[in-house]
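Participant: Compact mmCIF, C-alpha atoms, file model.txt:
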# COMPACT_ATOMS: atom_id res chain seq x y z
CA MET A 1 0.00 0.00 0.00
CA SER A 2 1.51 3.26 -1.11
CA LEU A 3 1.96 6.16 1.27
CA ARG A 4 -0.54 8.44 -0.46
CA PHE A 5 -3.16 5.71 -0.40
CA GLN A 6 -2.56 5.23 3.33
CA ARG A 7 -3.04 8.95 3.88
CA LEU A 8 -6.28 8.87 1.86
CA LEU A 9 -7.55 5.97 3.92
CA LEU A 10 -6.63 7.74 7.15
CA ILE A 11 -8.45 10.90 6.11
CA LEU A 12 -11.59 9.07 5.00
CA LEU A 13 -11.64 6.93 8.13
CA THR A 14 -11.26 9.99 10.35
CA LEU A 15 -14.11 11.73 8.54
CA VAL A 16 -16.40 8.72 8.91
CA ILE A 17 -15.63 8.45 12.63
CA ILE A 18 -16.17 12.16 13.33
CA LEU A 19 -19.37 12.16 11.25
CA SER A 20 -20.79 9.18 13.11
CA ALA A 21 -19.89 10.78 16.44
CA VAL A 22 -21.68 14.00 15.51
CA LEU A 23 -24.69 12.12 14.16
CA LEU A 24 -24.92 10.02 17.33
CA ILE A 25 -24.94 13.18 19.44
CA LEU A 26 -27.58 14.80 17.23
CA TYR A 27 -29.68 11.62 17.16
CA ASN A 28 -29.73 11.40 20.93
CA THR A 29 -30.63 15.07 21.33
CA ARG A 30 -33.19 15.07 18.54
CA GLU A 31 -35.99 16.18 20.84
CA ASN A 32 -34.06 19.35 21.52
CA VAL A 33 -32.94 19.80 17.92
CA SER A 34 -36.47 19.50 16.59
CA TYR A 35 -38.08 22.89 16.28
CA PHE A 36 -41.52 21.82 17.48
CA TYR A 37 -43.55 18.94 18.90
CA THR A 38 -46.44 17.43 16.98
CA PRO A 39 -49.73 17.01 18.88
CA SER A 40 -49.28 13.25 19.16
CA GLU A 41 -45.79 13.75 20.61
CA ILE A 42 -47.33 16.13 23.15
CA ASP A 43 -49.71 13.37 24.26
CA LYS A 44 -46.76 11.23 25.30
CA LEU A 45 -45.01 14.05 27.16
CA ASP A 46 -45.79 15.39 30.61
CA ILE A 47 -47.33 18.78 30.07
CA VAL A 48 -45.89 21.49 32.27
CA ILE A 49 -48.34 24.36 32.65
CA ASN A 50 -46.90 27.72 31.53
CA GLU A 51 -43.69 26.21 30.16
CA LYS A 52 -42.83 27.77 26.82
CA ILE A 53 -42.84 25.23 23.98
CA ARG A 54 -43.62 25.06 20.26
CA ILE A 55 -46.18 22.81 18.66
CA GLY A 56 -46.61 22.20 14.96
CA GLY A 57 -49.10 20.58 12.66
CA PHE A 58 -51.99 21.45 10.42
CA VAL A 59 -54.79 23.84 11.27
CA GLU A 60 -57.77 21.51 11.58
CA ASN A 61 -60.55 21.99 9.04
CA ASP A 62 -63.65 23.79 10.36
CA SER A 63 -61.90 24.54 13.66
CA PHE A 64 -60.99 28.18 13.05
CA ASN A 65 -63.00 30.70 15.09
CA LYS A 66 -62.54 34.43 14.99
CA ILE A 67 -63.49 35.73 18.42
CA SER A 68 -62.63 39.36 17.72
CA SER A 69 -60.57 41.17 15.09
CA SER A 70 -57.32 40.11 16.72
CA SER A 71 -58.16 37.08 18.80
CA PHE A 72 -58.56 33.64 17.33
CA LYS A 73 -59.23 30.08 18.35
CA PHE A 74 -58.32 27.02 16.30
CA LYS A 75 -57.13 23.44 16.57
CA ILE A 76 -53.71 22.12 15.55
CA THR A 77 -53.76 18.52 14.41
CA ASP A 78 -51.49 15.84 12.95
CA GLU A 79 -54.46 13.60 12.15
CA LYS A 80 -53.82 11.50 15.28
CA ALA A 81 -54.27 14.10 17.99
CA SER A 82 -55.29 17.72 18.14
CA ILE A 83 -54.76 20.65 20.46
CA LEU A 84 -56.97 23.68 21.04
CA VAL A 85 -55.05 26.93 20.59
CA THR A 86 -55.99 30.49 21.48
CA PHE A 87 -54.09 33.43 20.01
CA ASN A 88 -54.13 37.23 20.30
CA GLY A 89 -52.25 38.98 17.52
CA ILE A 90 -51.67 39.11 13.80
CA LEU A 91 -51.73 35.88 11.79
CA PRO A 92 -49.26 35.44 8.89
CA ASP A 93 -50.53 35.58 5.27
CA LEU A 94 -50.32 31.87 4.66
CA PHE A 95 -52.30 30.96 7.76
CA ARG A 96 -55.58 29.17 7.02
CA GLU A 97 -57.39 25.92 7.65
CA GLY A 98 -55.53 22.91 6.29
CA GLN A 99 -52.25 24.83 6.21
CA GLY A 100 -49.21 23.83 8.26
CA ALA A 101 -48.41 26.09 11.20
CA VAL A 102 -45.95 26.28 14.08
CA ILE A 103 -47.26 27.79 17.31
CA GLU A 104 -45.08 29.21 20.07
CA GLY A 105 -46.61 29.51 23.51
CA ALA A 106 -47.56 27.56 26.61
CA PHE A 107 -50.35 25.40 27.94
CA VAL A 108 -52.56 27.42 30.28
CA ASP A 109 -54.27 24.25 31.46
CA ASN A 110 -54.28 20.66 30.26
CA ASP A 111 -56.40 21.32 27.18
CA ILE A 112 -55.81 24.90 26.11
CA PHE A 113 -52.61 26.16 24.51
CA ASN A 114 -52.12 29.91 24.60
CA ALA A 115 -50.03 31.09 21.65
CA THR A 116 -47.64 34.02 21.79
CA ASN A 117 -46.40 33.61 18.19
CA VAL A 118 -47.88 31.91 15.15
CA PHE A 119 -45.71 30.97 12.15
CA ALA A 120 -47.18 29.61 8.95
CA LYS A 121 -45.34 26.63 7.55
CA HIS A 122 -44.96 26.44 3.80
CA ASP A 123 -45.00 23.00 2.20
CA GLU A 124 -42.75 21.85 -0.63
CA ASN A 125 -45.39 22.29 -3.36
CA TYR A 126 -45.16 25.15 -5.85
CA MET A 127 -47.93 25.74 -8.35
CA PRO A 128 -48.94 28.66 -10.59
CA ALA A 129 -52.17 30.40 -9.56
CA SER A 130 -53.65 29.81 -13.03
CA ILE A 131 -53.30 26.04 -12.67
CA LYS A 132 -55.21 26.15 -9.41
CA GLU A 133 -58.14 27.71 -11.29
CA ASP A 134 -57.88 25.05 -14.04
CA LEU A 135 -57.83 22.27 -11.48
CA LYS A 136 -60.85 23.73 -9.72
CA ASP A 137 -62.75 24.02 -13.00
CA THR A 138 -62.07 20.42 -13.94
CA GLY A 139 -62.76 19.18 -10.43
CA TYR A 140 -59.28 17.74 -9.88
CA TRP A 141 -58.38 20.22 -7.18
CA ASN A 142 -57.02 18.39 -4.20
CA LYS A 143 -58.45 19.88 -1.01
CA LYS A 144 -55.20 18.98 0.73
CA TYR A 145 -53.41 21.79 -1.15
CA LYS A 146 -55.69 24.60 0.05
CA MET B 1 -8.34 16.33 -17.04
CA MET B 2 -4.94 17.31 -15.64
CA PHE B 3 -5.98 20.98 -15.66
CA LEU B 4 -8.03 20.22 -12.54
CA VAL B 5 -4.88 19.50 -10.52
CA ASN B 6 -2.05 21.24 -12.36
CA PRO B 7 -1.74 25.05 -12.02
CA SER B 8 0.00 25.74 -15.35
CA LYS B 9 -2.40 23.50 -17.29
CA PHE B 10 -5.28 25.15 -15.43
CA ASN B 11 -4.02 28.55 -16.57
CA LYS B 12 -4.03 27.44 -20.22
CA VAL B 13 -7.56 25.97 -20.07
CA ALA B 14 -8.79 28.95 -18.04
CA ASP B 15 -7.58 31.37 -20.76
CA TYR B 16 -9.59 29.40 -23.32
CA VAL B 17 -12.83 29.11 -21.36
CA PHE B 18 -12.88 32.42 -19.49
CA LEU B 19 -14.53 34.52 -22.21
CA PRO B 20 -17.20 31.90 -23.09
CA VAL B 21 -17.98 31.42 -19.40
CA LEU B 22 -18.23 35.18 -18.82
CA ILE B 23 -20.49 35.70 -21.86
CA SER B 24 -22.73 32.76 -21.00
CA SER B 25 -23.07 34.00 -17.42
CA ILE B 26 -24.25 37.39 -18.70
CA ILE B 27 -26.67 35.80 -21.20
CA LEU B 28 -28.02 33.22 -18.73
CA PHE B 29 -28.50 35.84 -16.04
CA SER B 30 -30.37 38.17 -18.41
CA ILE B 31 -32.63 35.38 -19.67
CA GLY B 32 -33.09 34.10 -16.13
CA LEU B 33 -34.10 37.51 -14.76
CA ILE B 34 -36.56 38.04 -17.63
CA PHE B 35 -38.09 34.67 -16.77
CA VAL B 36 -38.13 35.43 -13.06
CA PHE B 37 -39.79 38.83 -13.32
CA TYR B 38 -41.99 38.58 -16.42
CA LEU B 39 -42.51 35.03 -17.68
CA SER B 40 -42.89 33.00 -14.50
CA PRO B 41 -46.36 32.75 -12.94
CA ASP B 42 -47.43 33.78 -9.45
CA ASP B 43 -47.66 30.94 -6.96
CA TYR B 44 -51.14 29.81 -5.92
CA GLN B 45 -50.55 30.70 -2.29
CA GLN B 46 -47.37 32.79 -2.12
CA GLY B 47 -48.26 35.18 -4.95
CA SER B 48 -45.29 37.18 -6.19
CA THR B 49 -43.12 36.27 -3.21
CA VAL B 50 -42.30 32.97 -4.92
CA ARG B 51 -39.83 34.90 -7.10
CA ILE B 52 -37.42 35.14 -4.16
CA MET B 53 -37.10 31.36 -4.48
CA TYR B 54 -35.30 31.75 -7.83
CA VAL B 55 -32.43 33.50 -6.06
CA HIS B 56 -32.63 31.68 -2.74
CA VAL B 57 -32.51 28.08 -3.99
CA PRO B 58 -29.63 28.42 -6.53
CA SER B 59 -27.51 30.30 -4.00
CA ALA B 60 -28.16 27.62 -1.39
CA TRP B 61 -27.16 24.87 -3.84
CA LEU B 62 -24.06 26.79 -4.88
CA ALA B 63 -23.06 27.38 -1.24
CA LEU B 64 -23.17 23.62 -0.66
CA LEU B 65 -21.53 22.77 -4.00
CA THR B 66 -18.65 25.18 -3.35
CA TYR B 67 -18.02 23.57 0.01
CA ALA B 68 -18.20 20.06 -1.48
CA ILE B 69 -15.56 21.07 -4.07
CA MET B 70 -13.35 22.48 -1.31
CA THR B 71 -13.71 19.21 0.60
CA LEU B 72 -12.64 17.11 -2.40
CA TYR B 73 -9.66 19.37 -3.05
CA SER B 74 -8.66 19.29 0.63
CA ILE B 75 -8.61 15.50 0.53
CA ALA B 76 -6.55 15.61 -2.67
CA GLY B 77 -4.24 18.24 -1.20
CA LEU B 78 -3.62 16.36 2.03
CA ALA B 79 -3.54 12.77 0.77
CA PHE B 80 -1.84 13.18 -2.61
CA ARG B 81 0.19 16.29 -1.78
CA ILE B 82 -1.36 18.28 -4.63
CA PRO B 83 -0.69 21.98 -3.92
CA PHE B 84 -3.47 22.97 -6.34
CA GLY B 85 -5.96 21.69 -3.75
CA PHE B 86 -4.79 24.35 -1.30
CA ILE B 87 -4.94 27.01 -4.02
CA ILE B 88 -8.62 26.14 -4.55
CA ASN B 89 -9.33 26.35 -0.81
CA THR B 90 -7.94 29.87 -0.60
CA ALA B 91 -9.56 31.02 -3.84
CA VAL B 92 -13.15 29.79 -3.56
CA ALA B 93 -13.92 30.13 0.18
CA PRO B 94 -15.10 33.78 -0.15
CA ILE B 95 -17.31 32.79 -3.12
CA GLY B 96 -19.03 30.15 -1.02
CA ALA B 97 -19.40 32.60 1.86
CA VAL B 98 -21.13 35.15 -0.39
CA PHE B 99 -23.51 32.51 -1.78
CA THR B 100 -24.36 31.46 1.78
CA LEU B 101 -24.99 35.09 2.74
CA ILE B 102 -27.25 35.63 -0.31
CA CYS B 103 -29.11 32.46 0.66
CA ILE B 104 -29.62 33.62 4.26
CA ILE B 105 -30.67 37.17 3.35
CA SER B 106 -33.07 36.14 0.56
CA GLY B 107 -34.46 33.43 2.81
CA SER B 108 -35.28 35.80 5.63
CA LEU B 109 -36.83 38.31 3.20
CA TRP B 110 -39.09 35.43 2.11
CA GLY B 111 -39.66 34.22 5.66
CA LYS B 112 -41.03 37.51 6.98
CA PRO B 113 -44.15 37.63 4.76
CA MET B 114 -44.63 33.84 4.49
CA TRP B 115 -43.77 32.41 7.89
CA GLY B 116 -44.29 35.61 9.85
CA THR B 117 -40.70 35.84 11.07
CA TRP B 118 -37.29 36.85 9.73
CA TRP B 119 -35.40 34.09 11.47
CA VAL B 120 -36.00 31.06 13.65
CA TRP B 121 -33.48 28.71 15.19
CA ASP B 122 -34.70 25.55 13.53
CA ALA B 123 -32.30 22.84 12.36
CA ARG B 124 -32.04 23.96 8.71
CA LEU B 125 -31.54 27.66 9.39
CA THR B 126 -29.10 27.02 12.21
CA SER B 127 -26.99 24.58 10.19
CA VAL B 128 -26.79 27.09 7.30
CA ALA B 129 -25.75 29.79 9.78
CA ILE B 130 -23.02 27.40 10.96
CA LEU B 131 -21.96 26.86 7.33
CA PHE B 132 -21.58 30.64 6.96
CA ILE B 133 -19.49 30.84 10.14
CA ILE B 134 -17.29 27.95 8.90
CA TYR B 135 -16.71 29.85 5.64
CA LEU B 136 -15.76 32.97 7.62
CA ILE B 137 -13.33 31.00 9.79
CA ILE B 138 -11.70 29.53 6.65
CA ILE B 139 -11.32 33.02 5.15
CA PHE B 140 -9.75 34.38 8.34
CA MET B 141 -7.49 31.34 8.71
CA ASN B 142 -6.28 31.96 5.17
CA LEU B 143 -5.35 35.50 6.19
CA SER B 144 -3.45 34.41 9.28
CA PHE B 145 -0.32 32.22 9.76
CA GLU B 146 3.16 33.36 8.74
CA ASN B 147 4.14 29.95 7.40
CA ARG B 148 2.30 29.06 4.19
CA ILE B 149 2.82 25.30 4.40
CA ILE B 150 1.42 25.06 7.92
CA ARG B 151 -1.46 27.36 7.03
CA GLU B 152 -2.47 25.26 4.03
CA LYS B 153 -2.55 22.06 6.04
CA VAL B 154 -4.45 23.56 8.97
CA VAL B 155 -7.02 25.11 6.63
CA ALA B 156 -7.46 21.85 4.69
CA ILE B 157 -7.99 19.88 7.91
CA PHE B 158 -10.50 22.48 9.08
CA VAL B 159 -12.34 22.25 5.75
CA LEU B 160 -12.56 18.46 6.18
CA VAL B 161 -13.90 18.72 9.73
CA GLY B 162 -16.40 21.36 8.61
CA SER B 163 -17.60 19.14 5.76
CA ILE B 164 -19.52 17.11 8.36
CA ASN B 165 -21.97 20.01 8.36
CA LEU B 166 -22.89 19.38 4.71
CA PRO B 167 -25.06 16.25 5.17
CA ILE B 168 -26.57 17.92 8.24
CA VAL B 169 -27.63 20.95 6.17
CA LYS B 170 -29.01 18.73 3.42
CA PHE B 171 -30.93 16.27 5.57
CA SER B 172 -31.89 18.54 8.50
CA VAL B 173 -35.37 18.99 7.03
CA ASP B 174 -35.90 15.21 6.92
CA TRP B 175 -34.37 14.26 10.25
CA TRP B 176 -36.03 16.84 12.47
CA ASN B 177 -39.21 18.88 12.61
CA THR B 178 -38.27 22.21 11.07
CA LEU B 179 -40.14 25.34 10.05
CA HIS B 180 -38.24 25.21 6.76
CA GLN B 181 -40.03 23.17 4.10
CA PRO B 182 -38.53 19.85 2.95
CA ALA B 183 -36.76 19.43 -0.40
CA THR B 184 -38.84 19.94 -3.53
CA ILE B 185 -36.53 19.06 -6.40
CA SER B 186 -34.44 16.21 -5.00
CA LYS B 187 -37.17 14.22 -3.31
CA LEU B 188 -37.42 10.72 -4.66
CA SER B 189 -40.87 11.01 -6.16
CA LYS B 190 -41.70 13.49 -8.90
CA PRO B 191 -40.66 17.07 -8.05
CA SER B 192 -43.71 18.93 -6.80
CA ILE B 193 -43.04 22.09 -8.73
CA ASP B 194 -44.73 23.09 -11.96
CA PRO B 195 -42.55 23.17 -15.14
CA SER B 196 -43.35 26.88 -15.60
CA MET B 197 -41.53 27.49 -12.30
CA MET B 198 -38.93 24.76 -12.73
CA ILE B 199 -37.54 26.29 -15.97
CA PRO B 200 -36.65 29.71 -14.48
CA LEU B 201 -35.18 27.91 -11.46
CA ILE B 202 -32.92 25.78 -13.67
CA ILE B 203 -31.85 28.79 -15.79
CA MET B 204 -31.04 30.78 -12.65
CA THR B 205 -29.09 27.83 -11.24
CA PHE B 206 -26.89 27.67 -14.36
CA ALA B 207 -26.55 31.47 -14.31
CA PHE B 208 -25.32 31.28 -10.70
CA ILE B 209 -22.92 28.44 -11.60
CA MET B 210 -21.47 30.50 -14.46
CA VAL B 211 -21.10 33.64 -12.32
CA GLY B 212 -19.44 31.56 -9.61
CA LEU B 213 -17.14 29.96 -12.19
CA THR B 214 -16.18 33.36 -13.66
CA ILE B 215 -15.15 34.70 -10.26
CA ALA B 216 -13.48 31.40 -9.34
CA ILE B 217 -11.30 31.40 -12.49
CA LEU B 218 -10.16 34.97 -11.77
CA ARG B 219 -9.45 34.22 -8.12
CA ILE B 220 -7.61 30.94 -8.81
CA LYS B 221 -5.41 32.62 -11.43
CA THR B 222 -4.62 35.45 -9.02
CA GLU B 223 -3.79 32.93 -6.32
CA ILE B 224 -1.44 31.01 -8.65
CA ILE B 225 0.39 34.23 -9.60
CA SER B 226 0.70 35.43 -6.01
CA ARG B 227 2.18 32.07 -5.05
CA LYS B 228 4.76 32.22 -7.84
CA SER B 229 5.85 35.73 -6.93
CA ASN B 230 5.86 35.11 -3.18
CA LEU B 231 7.47 31.78 -2.36
CA SER B 232 7.82 32.38 1.35
Show this structure as structure tokens.
Facilitator:
Amino acid sequence: MSLRFQRLLLILLTLVIILSAVLLILYNTRENVSYFYTPSEIDKLDIVINEKIRIGGFVENDSFNKISSSSFKFKITDEKASILVTFNGILPDLFREGQGAVIEGAFVDNDIFNATNVFAKHDENYMPASIKEDLKDTGYWNKKYK
Amino acid sequence: MMFLVNPSKFNKVADYVFLPVLISSIILFSIGLIFVFYLSPDDYQQGSTVRIMYVHVPSAWLALLTYAIMTLYSIAGLAFRIPFGFIINTAVAPIGAVFTLICIISGSLWGKPMWGTWWVWDARLTSVAILFIIYLIIIFMNLSFENRIIREKVVAIFVLVGSINLPIVKFSVDWWNTLHQPATISKLSKPSIDPSMMIPLIIMTFAFIMVGLTIAILRIKTEIISRKSNLS
């Protein structure tokens, strides 16, 4: 085995070892690395009242209630569990029923989550507005895309 | 293919291709911008804001690609004692840093109207911020050290260690819950982007590649000359 090949092997081996070390650390801290909990993950956790956390999921269909011009009530769901959220403030443009959202706030009691910040989550689908109209006309519009 | 590892052969090839690369970068950028501003449609939910994507996505890809090239050249430089690998490290690090910065700035301009925030510390955004910091450290390391041979080795080793961040940037959206959306183009099923938006994105990507290549050729040639004149 030539010297340069040995050096190459040494470098690649070192990289693999460091990478696996970093990935092991990240894998074991994934709950802290993840930006939000989904509602079904919340079910498995012990809820601490007034502890600041983030939850994420879809805004449940037919759950959005406008209480006043700046206070809202809706449910966040991941199709297995859902959480009732109350929010005072301005909602982002993309926020609507069926759309992904990340909510920052705390549980005020076991069932109600009081939001301090609401972020809309954009999905990975991009589509021209004209095609949406075409799809609606032909009846192929998938409600999921909303 | 020796021009990829040999400075004098690189110079010869670079003289041939520089003008075509420069001209094609100007043409591609003009066509791309016409597509982005006039010929591409509004998105069904983002409206006009989708146009930021045509700058954001190519710059993100180029930031990662630049770092991947630096990683390969660092391995070549360290294992096979090819000095050209170190020349590349010095020359292209600032290019990658600028692409990363464009990516971060355009991303937060998009994030404010769409997400409702300029910046969040989710896994994707944080790992890209780390990538930017790594680029900055490489640039500053290249400016320090009296001894060139030691500097080259230390920088190359640092580039290799930093390359661990690359898969983390790429897969952060799959491994963890993030506010950032998952990949559109490279997901295994059909890309979920309409052709009328895919075409401007591809043109802009090639435009960015050509602009990056133009600057890279100039910087690599400068680096080769400065090494010849200053052998310390």
Participant: Choose the residue, out of A:Ile103, A:Val48, A:Ala115, A:Ile42, that has the smallest atom-to-atom separation from chain B; count only C-alpha atoms.
Facilitator: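 The closest residue to chain B is A:Ile103.
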Participant: Which residues of chain B are close to chain A, meaning at most 10 Å apart when you count all atoms listed in the file, and how do they look as a PyMOL selection string?
Facilitator: chain B and resi 40-47+50+75-76+78-81+111-117+120-124+126+157+160-165+167-168+172-173+175-185+187+191-198
Participant: Residues within 12 Å of B:Leu33, please, as an mmCIF file with C-alpha atoms, in the frame of the given file. Count only C-alpha atoms; anything in the same chain fewer than 2 positions from it doesn't count.
Facilitator:
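Generated output (result_31.cif):
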data_model
loop_
_atom_site.group_PDB
_atom_site.id
_atom_site.type_symbol
_atom_site.label_atom_id
_atom_site.label_comp_id
_atom_site.auth_asym_id
_atom_site.auth_seq_id
_atom_site.Cartn_x
_atom_site.Cartn_y
_atom_site.Cartn_z
ATOM 1 C CA SER B 25 -23.070 34.000 -17.420
ATOM 2 C CA ILE B 26 -24.250 37.390 -18.700
ATOM 3 C CA ILE B 27 -26.670 35.800 -21.200
ATOM 4 C CA LEU B 28 -28.020 33.220 -18.730
ATOM 5 C CA PHE B 29 -28.500 35.840 -16.040
ATOM 6 C CA SER B 30 -30.370 38.170 -18.410
ATOM 7 C CA ILE B 31 -32.630 35.380 -19.670
ATOM 8 C CA PHE B 35 -38.090 34.670 -16.770
ATOM 9 C CA VAL B 36 -38.130 35.430 -13.060
ATOM 10 C CA PHE B 37 -39.790 38.830 -13.320
ATOM 11 C CA TYR B 38 -41.990 38.580 -16.420
ATOM 12 C CA LEU B 39 -42.510 35.030 -17.680
ATOM 13 C CA SER B 40 -42.890 33.000 -14.500
ATOM 14 C CA ARG B 51 -39.830 34.900 -7.100
ATOM 15 C CA ILE B 52 -37.420 35.140 -4.160
ATOM 16 C CA TYR B 54 -35.300 31.750 -7.830
ATOM 17 C CA VAL B 55 -32.430 33.500 -6.060
ATOM 18 C CA ILE B 199 -37.540 26.290 -15.970
ATOM 19 C CA PRO B 200 -36.650 29.710 -14.480
ATOM 20 C CA LEU B 201 -35.180 27.910 -11.460
ATOM 21 C CA ILE B 202 -32.920 25.780 -13.670
ATOM 22 C CA ILE B 203 -31.850 28.790 -15.790
ATOM 23 C CA MET B 204 -31.040 30.780 -12.650
ATOM 24 C CA THR B 205 -29.090 27.830 -11.240
ATOM 25 C CA ALA B 207 -26.550 31.470 -14.310
ATOM 26 C CA PHE B 208 -25.320 31.280 -10.700
#
Participant: Quick one: residues within 12 Å of stretch 224-229 of chain B, only C-alpha atoms, excluding same-chain residues fewer than 4 positions away - as a list in words?
Facilitator: Asn6, Pro7, Ser8, Lys9, Phe10, Asn11, Pro83, Phe84, Gly85, Phe86, Ile87, Ile88, Thr90, Ala91, Arg148, Ile149, Ile217, Leu218, Arg219 and Ile220 of chain B
Participant: What is the distance between atom CA of B:Gly212 and atom CA of B:Ala156, in Å to one decimal?
Facilitator: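 If I compute the distance from atom CA of B:Gly212 to atom CA of B:Ala156, I get 21.0 Å.
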Participant: Rounded to one decimal, what separation in Å do you get between atom CA of B:Gly96 and atom CA of B:Asp174?
Facilitator: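 The value is 23.9 Å.
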Participant: Interatomic distance between atom CA of B:Asn89 and atom CA of B:Phe145?
Facilitator: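 Interatomic distance here is 15.1 Å.
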Participant: Report as number ranges by chain all protein, DNA and RNA residues lying within 8 Å of A:Val108, evaluated on all atoms listed in the file, omitting residues in the same chain fewer than 3 positions from it.
Facilitator: A: 49-50, 111-114
Participant: Could you name the residues that touch B:Ala93 at 10 Å or less, counting only C-alpha atoms, but leaving out those on the same chain fewer than 2 positions away, as a PyMOL selection string?
Facilitator: chain B and resi 63+66-67+70+88-91+95-98+134-139+142+159+216
Participant: From the options A:Leu13, A:Ile53, A:Leu45, A:Leu84, which residue's atoms come nearest to A:Asn65, counting all atoms listed in the file?
Facilitator: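 With all atoms listed in the file as the atom set, the closest residue is A:Leu84.
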Participant: With distances taken over all atoms listed in the file, which residue among A:Val85, A:Ile47, A:Leu24, A:Ala106 lies nearest A:Ser63?
Facilitator: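 Closest to A:Ser63 of all the choices is A:Val85.
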Participant: Taking into account only C-alpha atoms, which residue in the set A:Gly98, A:Asn28, A:Glu51, A:Ser68 is nearest to A:Asn110?
Facilitator: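 Under the stated criterion, the closest residue is A:Glu51.
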